[in-house]
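Remarks on the structure that follows.
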Amino acid sequence: MTYDRTAAVEHLRSVDPKLATLIDAAGEFDVRPERVVDPYPYLLRSIVFQQLNGTAAATIHGRVLDLFGGEVPPPEQLLAADVQLLRGAGLSGSKAASVQDLARHAAAGELPTSDEVGTLSDLELVDRLTAVRGIGPWTVHMLLMFRLGRPDVLPTGDFGVREGWRMLHGREAQPTPAQFRDAAEHWRPYRSVASWYMWRCVDLHRSGTPIVLP
């Protein structure tokens with residue numbers, strides 16, 4: 001981990017009484033990210049999985065890798081692949097264009113390596129990786145939170161996180177991304193952890209588990 005999970009949770013308890021109650025109901029923050037991540041295979045998989053259920057996406061991802069001997073292809077090989085071959089594996093035309101744009105960036109040295117990732121700030125990684133077609137801030141935020149263990153990421157574009165905040169505060173409507181950003185300022189420097197608990201808030205409501213707020 002790149003930060004102390006216990007210290008993060010205790011900080012959030014101290015600054016947000018409603019969140020403290022949610023933490024009691026939801027239990028331990030159990031995200032255990034990796035320390036080293038190569039963005040190229042991660043983003044390749046992310047593009048394939050976009051807007052598909054897990055089973056279908058995994059099948060298509062496997063078919064794409066099978067085109068290259070079952071392995072993640074070198075960027076140059078993916079870039080040279082016939083688009084119809086990629087379409088035949090189950091990629092849409094848009095996704096085929098996106099994975100080849102990813103390969104183009106990787107082949108040109110424009111993607112950070114696994115060694116470089118740790119030296120870049122959250123904002124720098126968002127800027128670098130969203131230059132790839134089909135990669136938006138949400139995808140990079142998930143990389144930062146769940147693979148790299150960055151502590152202070154706030155995925156303002158995530159429906160579930162904003163919905164959890166709405167439920168926790170008993171509001172009729174979700175905050176806009178800008179409103180949510182302002183409302184979450186006091187969670188710094190552990191907005192990743194607080195965001196995770198917003199997802200858990202939605203899960204608890206769906207399961208019928210009551211959260212008795214102060």
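Just so we're on the same page: first chain in the structure tokens is A, next is B, and so on; residues restart at 1 for each chain, and ligands are numbered from 1 in the order they show up.
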Can you tell me, as a ChimeraX atom specification, what residues are no more than 12 Å from Val9 in chain A when counting only C-alpha atoms, ignoring any on the same chain fewer than 2 positions away?
-> /A:3-7,11-16,19-24,26-30,151,187-197
So which bits of range 46-157 of chain A end up helix (DSSP H, G or I) when you DSSP the backbone, as a VMD selection string?
-> chain A and resid 46 to 49 54 to 66 75 to 80 83 to 88 93 to 107 114 to 117 122 to 129 137 to 147
Of the candidates A:Ile47, A:Thr130, A:Ile211, A:Val72, which shows the shortest atom-to-atom distance to Val99 in chain A, using only C-alpha atoms?
->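 Closest to Val99 in chain A, using only C-alpha atoms: A:Ile47.
The nearest approach to Gly109 in chain A among the residues A:Gly69, A:Pro137, A:Pro175, A:Pro39, with only C-alpha atoms taken into account, belongs to A:Pro39.
Interatomic distance, CA of Met145 in chain A against CA of Leu123 in chain A: 13.0 Å.
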List the neighbours of Ser121 in chain A out to 10 Å using only C-alpha atoms; skip same-chain residues closer than 6 positions along the sequence, and give me the result as a VMD selection string.
-> chain A and resid 127 144 150
Selection near Val64 in chain A, 9 Å with only C-alpha atoms, sequence-local residues under 4 positions removed, as a ChimeraX atom specification = /A:48,59-60,68,70,72,85-86,88-91
Using only C-alpha atoms, please write the residues we just selected to a file, as an mmCIF file, in the first residue's frame.
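Dumped to again.cif:
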```cif
data_model
loop_
_atom_site.group_PDB
_atom_site.id
_atom_site.type_symbol
_atom_site.label_atom_id
_atom_site.label_comp_id
_atom_site.auth_asym_id
_atom_site.auth_seq_id
_atom_site.Cartn_x
_atom_site.Cartn_y
_atom_site.Cartn_z
ATOM 1 C CA VAL A 48 -12.319 -4.179 -24.427
ATOM 2 C CA THR A 59 -14.575 -13.735 -23.809
ATOM 3 C CA ILE A 60 -13.770 -10.988 -26.320
ATOM 4 C CA PHE A 68 -1.482 -13.007 -30.868
ATOM 5 C CA GLY A 70 -2.659 -15.860 -26.175
ATOM 6 C CA VAL A 72 -0.758 -9.255 -24.841
ATOM 7 C CA LEU A 85 -9.224 -9.380 -37.754
ATOM 8 C CA LEU A 86 -9.877 -7.393 -34.590
ATOM 9 C CA GLY A 88 -13.745 -10.744 -36.040
ATOM 10 C CA ALA A 89 -12.620 -11.263 -32.445
ATOM 11 C CA GLY A 90 -15.648 -9.286 -31.295
ATOM 12 C CA LEU A 91 -14.429 -5.704 -31.076
#
```
So what do you get for CA of Leu78 in chain A versus CA of Ser92 in chain A, distance-wise?
->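 Between CA of Leu78 in chain A and CA of Ser92 in chain A the gap is 15.5 Å.
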Measuring atom to atom with only C-alpha atoms, identify which of A:Tyr40, A:His105, A:Ala25, A:Glu172 is nearest to Gly208 in chain A.
->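 For Gly208 in chain A, the nearest of the given residues is A:Ala25.
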Do a neighbour search on Asp158 in chain A at 9 Å with only C-alpha atoms, toss out local chain neighbours closer than 5 positions, and write the hits as a ChimeraX atom specification.
-> /A:138,163,177
May I have the residues from that selection written out with C-alpha atoms, as a CSV table (one decimal), in the first residue's frame?
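Saved as result39.csv:
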```
chain,number,residue,atom,x,y,z
A,138,TRP,CA,-13.0,7.5,-15.1
A,163,GLU,CA,-25.5,8.2,-5.6
A,177,PRO,CA,-19.8,16.5,-10.4
```
